[in-house]
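J.: Take this structure first; my questions come after.
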Amino acid sequence: MKQTTVVQHVQEQEKKFLGATGELASLMNEILAGAKIISLELNKAGIGGDILGATGTRNVHGEAVQKLDDLANSTFLSIISKSGTVCAITSEEMENPVIVPPEQAGKYIFMMDPLDGSSNIDVNVSTGTIFSIYRKKSPGDKVTDQDLLQKGADQVAAGYVVYGSSTMLVYSSGHGVHGFTLDPSLGDFILSHPDIRIPEQGNIYSVNEGNTENWGDKQKKFISYLKEKDRASGRPYKARYIGSFVSDFHRNLLKGGIFMYPSDAKNPSGKLRFEFEAGPMAFIVENAGGRASTGSERILDITPTDIHQCVPLYIGSRFDVEAAEEFLRN
Ligand code: AHM
Ligand code: MG
């Protein structure tokens, strides 16, 4: 049986839809190299070395930086900045963008959450890497806000790697969503989930219910509604919340359901970042037939005003996200 690797797949997509310069396939190849390194490091986390735990510093979002956050950030940064395919890199872990010198630069902007859910590493729970790719828009060599603050819908591609019971890469370049599983014996990601479609409706809701007291009434009512018994509309829903966005999202993508990080009294704009979490996952979910919204606005219609901007997030099966929007409207 012919096995398809990620690079072959991206090359085909470039030929069919994007114009075949090969630059996207080559960027994807570098992302995979980083993902393999992180996957190996995570597999041995806990065995000697000094790799688990916090660094003692906080990132721009005020969160404790884990040693593996640092490692993932510097690994992707060093590989991708030298790839010749990007002119700037932004990261959840870096306050400011890294600008690649023009002589080494390519046409893409790369944005990443290098290790999402990193507070789960010490307890052997799945984590992930999220990335988003935009094209440089401004003329000339200089990287400007026009390049770094683009509308979500203008993404060229987005994807994530989930470091779970197996390591998987899921990506979209705007033509379907495709999943690849790392075969550890080959060291290659092999197409295992072609053309993923999210069910129109699920029966899972994922939210941190510990925040209930900080929610507004409409949010509280929506969650109560999902818990009511009504066989005809498939309720009650099951609660599933890992606390690693990539893992929660991945499960809901395959099984159907809704993930929420709403606005609350503590975090009026939610907790998840537009460029590193909400935007790329919105691009993926829409390409799989799902929906992503702030509750009142389509995520992909947002143009951020700050690299680290947060947005409230409702993402998953179309029907479930629409139901949330309905509750938040009324
Ligand atoms: P991180 O990128 O620093 O790991 O933070 C994002 C994580 C998400 O993976 C997860 O969905 C969310 O934070 C969990 O937040 P909370 O603990 O508030 O429920
Ligand atoms: Mg994150």
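By order of appearance in the structure tokens: chains A, B, ..., then residues from 1 within every chain, and ligands from 1 in the order shown.
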I'd like to know which residues of range 153-239 of chain A are helix (DSSP H, G or I) (by DSSP, run on the backbone); could you write them as a list in words?
T.: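 Written out, the helix (DSSP H, G or I) residues of range 153-239 of chain A are Ala153, Asp154, Glu209, Gly210, Asn211, Thr212, Glu213, Asn214, Asp217, Lys218, Gln219, Lys220, Lys221, Phe222, Ile223, Ser224, Tyr225, Leu226, Lys227, Arg231, Ala232 and Ser233 of chain A.
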J.: Which residues of chain A come within 7 Å of ligand 1, and for each one, what is the closest pair of atoms and their distance in Å to one decimal, counting only C-alpha atoms and all ligand atoms, sorted by chain and residue number, as JSON lines?
T.:
```
{"residue": "A:Glu63", "atom": "CA", "partner": "ligand 1", "partner_atom_place_in_ligand_line": "3 (O)", "distance": 6.4}
{"residue": "A:Asp113", "atom": "CA", "partner": "ligand 1", "partner_atom_place_in_ligand_line": "2 (O)", "distance": 6.3}
{"residue": "A:Leu115", "atom": "CA", "partner": "ligand 1", "partner_atom_place_in_ligand_line": "2 (O)", "distance": 6.5}
{"residue": "A:Asp116", "atom": "CA", "partner": "ligand 1", "partner_atom_place_in_ligand_line": "2 (O)", "distance": 3.9}
{"residue": "A:Gly117", "atom": "CA", "partner": "ligand 1", "partner_atom_place_in_ligand_line": "4 (O)", "distance": 3.3}
{"residue": "A:Ser118", "atom": "CA", "partner": "ligand 1", "partner_atom_place_in_ligand_line": "4 (O)", "distance": 4.6}
{"residue": "A:Ser119", "atom": "CA", "partner": "ligand 1", "partner_atom_place_in_ligand_line": "4 (O)", "distance": 6.1}
{"residue": "A:Asn208", "atom": "CA", "partner": "ligand 1", "partner_atom_place_in_ligand_line": "19 (O)", "distance": 4.7}
{"residue": "A:Gly243", "atom": "CA", "partner": "ligand 1", "partner_atom_place_in_ligand_line": "14 (C)", "distance": 4.4}
{"residue": "A:Ser244", "atom": "CA", "partner": "ligand 1", "partner_atom_place_in_ligand_line": "9 (O)", "distance": 3.5}
{"residue": "A:Phe245", "atom": "CA", "partner": "ligand 1", "partner_atom_place_in_ligand_line": "11 (O)", "distance": 3.5}
{"residue": "A:Val246", "atom": "CA", "partner": "ligand 1", "partner_atom_place_in_ligand_line": "9 (O)", "distance": 6.3}
{"residue": "A:Lys271", "atom": "CA", "partner": "ligand 1", "partner_atom_place_in_ligand_line": "13 (O)", "distance": 7.0}
{"residue": "A:Leu272", "atom": "CA", "partner": "ligand 1", "partner_atom_place_in_ligand_line": "6 (C)", "distance": 6.3}
```
J.: Write to file, as a tab-separated table (two decimals), in the first residue's frame, the residues of the selection just made, with N, CA, C and O atoms.
T.:
```tsv
chain	number	residue	atom	x	y	z
A	63	GLU	N	1.78	33.66	32.73
A	63	GLU	CA	1.74	32.24	33.08
A	63	GLU	C	3.15	31.72	33.38
A	63	GLU	O	4.12	32.16	32.74
A	113	ASP	N	2.10	28.43	19.08
A	113	ASP	CA	2.08	28.13	20.51
A	113	ASP	C	2.93	26.87	20.58
A	113	ASP	O	2.47	25.78	20.26
A	115	LEU	N	4.22	24.90	22.84
A	115	LEU	CA	3.80	23.73	23.64
A	115	LEU	C	2.56	24.12	24.44
A	115	LEU	O	2.65	24.72	25.51
A	116	ASP	N	1.43	23.79	23.85
A	116	ASP	CA	0.16	24.15	24.48
A	116	ASP	C	-0.23	23.09	25.51
A	116	ASP	O	-0.06	21.90	25.28
A	117	GLY	N	-0.76	23.57	26.65
A	117	GLY	CA	-1.17	22.64	27.70
A	117	GLY	C	0.02	22.18	28.52
A	117	GLY	O	-0.01	21.11	29.13
A	118	SER	N	1.06	23.02	28.56
A	118	SER	CA	2.32	22.54	29.15
A	118	SER	C	2.21	22.30	30.66
A	118	SER	O	3.04	21.60	31.22
A	119	SER	N	1.17	22.84	31.30
A	119	SER	CA	1.03	22.56	32.73
A	119	SER	C	0.67	21.09	32.94
A	119	SER	O	0.69	20.60	34.07
A	208	ASN	N	-13.94	24.76	31.35
A	208	ASN	CA	-13.49	24.69	32.74
A	208	ASN	C	-14.63	25.16	33.64
A	208	ASN	O	-14.84	26.35	33.84
A	243	GLY	N	-7.91	20.16	29.69
A	243	GLY	CA	-7.09	21.31	30.10
A	243	GLY	C	-5.90	21.50	29.19
A	243	GLY	O	-5.02	22.31	29.46
A	244	SER	N	-5.85	20.72	28.10
A	244	SER	CA	-4.89	20.93	27.01
A	244	SER	C	-5.75	21.21	25.79
A	244	SER	O	-6.44	20.31	25.30
A	245	PHE	N	-5.73	22.44	25.32
A	245	PHE	CA	-6.64	22.82	24.23
A	245	PHE	C	-6.48	21.89	23.03
A	245	PHE	O	-7.46	21.45	22.44
A	246	VAL	N	-5.23	21.60	22.66
A	246	VAL	CA	-5.02	20.77	21.47
A	246	VAL	C	-5.72	19.41	21.63
A	246	VAL	O	-6.39	18.94	20.71
A	271	LYS	N	-9.34	33.33	27.69
A	271	LYS	CA	-7.93	33.09	28.00
A	271	LYS	C	-7.09	32.78	26.76
A	271	LYS	O	-5.89	32.97	26.75
A	272	LEU	N	-7.76	32.30	25.72
A	272	LEU	CA	-6.98	31.79	24.59
A	272	LEU	C	-6.63	32.91	23.60
A	272	LEU	O	-7.39	33.85	23.41
```
J.: With a distance cut-off of 10 Å and only C-alpha atoms, select the neighbouring residues of range 299-308 of chain A, excluding the residue or stretch itself and same-chain residues fewer than 6 positions from it, and output the selection as a ChimeraX atom specification.
T.: /A:60-61,90-97,111,145,148-155,272-276,278-283,286,291-293,314-315
J.: Give me, as a list in words, all polymer residues having an atom no more than 7 Å from Val207 in chain A, counting only C-alpha atoms and skipping those fewer than 3 positions away in the same chain.
T.: Tyr241, Phe259, Met260 and Tyr261 of chain A
J.: Write the residues of the selection above to a file with C-alpha atoms, as a PDB file, in the first residue's frame.
T.:
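As a result, again-v8.pdb now contains:
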```pdb
ATOM      1  CA  TYR A 241     -12.117  18.713  29.737  1.00  0.00           C
ATOM      2  CA  PHE A 259     -15.005  23.512  23.298  1.00  0.00           C
ATOM      3  CA  MET A 260     -15.453  26.821  25.084  1.00  0.00           C
ATOM      4  CA  TYR A 261     -13.217  29.318  26.783  1.00  0.00           C
TER       5      TYR A 261
END
```
J.: From the set A:Ser132, A:Thr55, A:Ser263, A:Ser233, which residue has the shortest atom-to-atom contact distance to Trp215 in chain A, counting only C-alpha atoms?
T.: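 For Trp215 in chain A, the nearest of the candidates is A:Ser263.
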J.: Pick out the closest residue to Leu226 in chain A from this set: A:Val162, A:Pro101, A:Val321, A:Asn73. Count only C-alpha atoms.
T.: A:Val321
J.: May I ask which of the residues A:Tyr160, A:Tyr205, A:Phe327, A:Tyr171 is the closest one to ligand 2, counting only C-alpha atoms and all ligand atoms?
T.: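 Of the candidates, the smallest distance to ligand 2 is held by A:Tyr160.
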J.: Using CA of Thr167 in chain A and CA of Asp69 in chain A as the two end points, give the distance in Å to one decimal.
T.: 17.4 Å
J.: Give me every strand (DSSP E) residue in range 76-217 of chain A, going by DSSP on the backbone, as a count of residues only.
T.: 54
J.: Which residue is closest to ligand 2? Choose from A:Glu322, A:Asp264, A:Glu12, A:Asp248 and count only C-alpha atoms and all ligand atoms.
T.: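 Nearest to ligand 2: A:Asp248.
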J.: Give me the residues near range 16-20 of chain A as a VMD selection string, where near means some atom within 12 Å (using only C-alpha atoms) and where sequence neighbours in that chain fewer than 2 positions away do not count.
T.: chain A and resid 9 to 14 22 to 26 156 to 157 173 to 176
J.: Taking 5 positions as the minimum chain separation for residues in the same chain, which residues sit within 12 Å of Ala265 in chain A when counting only C-alpha atoms? Answer as a list in words.
T.: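 Listing them by chain and then by number gives Asn211, Thr212, Glu213, Asn214, Trp215, Gly216, Asp217, Gln219, Gly270 and Lys271 of chain A.
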J.: A:Cys310, A:Ile80, A:Met168, A:Ile109: which is nearest ligand 2, counting only C-alpha atoms and all ligand atoms?
T.: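 Answer, going by the shortest atom-to-atom distance: A:Cys310.
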J.: As an exercise, work out the distance from CA of Tyr163 in chain A to CA of Val285 in chain A in Å and give it to one decimal place.
T.: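 Separation between CA of Tyr163 in chain A and CA of Val285 in chain A: 19.2 Å.
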J.: Between A:Tyr108, A:Phe76, A:Phe131, A:Phe319, single out the one closest to ligand 2, counting only C-alpha atoms and all ligand atoms.
T.: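 Checking each of A:Tyr108, A:Phe76, A:Phe131, A:Phe319 against ligand 2, counting only C-alpha atoms and all ligand atoms, the winner is A:Phe131.
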J.: Tell me, as a ChimeraX atom specification, which residues lie within 8 Å of Ile121 in chain A, counting only C-alpha atoms; anything in the same chain fewer than 6 positions away does not count.
T.: /A:42,52,127
J.: For the residues selected in the previous step, produce a file with C-alpha atoms as a tab-separated table (two decimals), in the first residue's frame.
T.:
```tsv
chain	number	residue	atom	x	y	z
A	42	LEU	CA	8.30	14.51	25.85
A	52	LEU	CA	10.39	18.79	33.95
A	127	THR	CA	0.09	18.42	25.05
```
J.: Can you measure CA of Gly290 in chain A to CA of Pro194 in chain A for me? One decimal in Å is fine.
T.: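 Those two atoms sit 16.3 Å apart.
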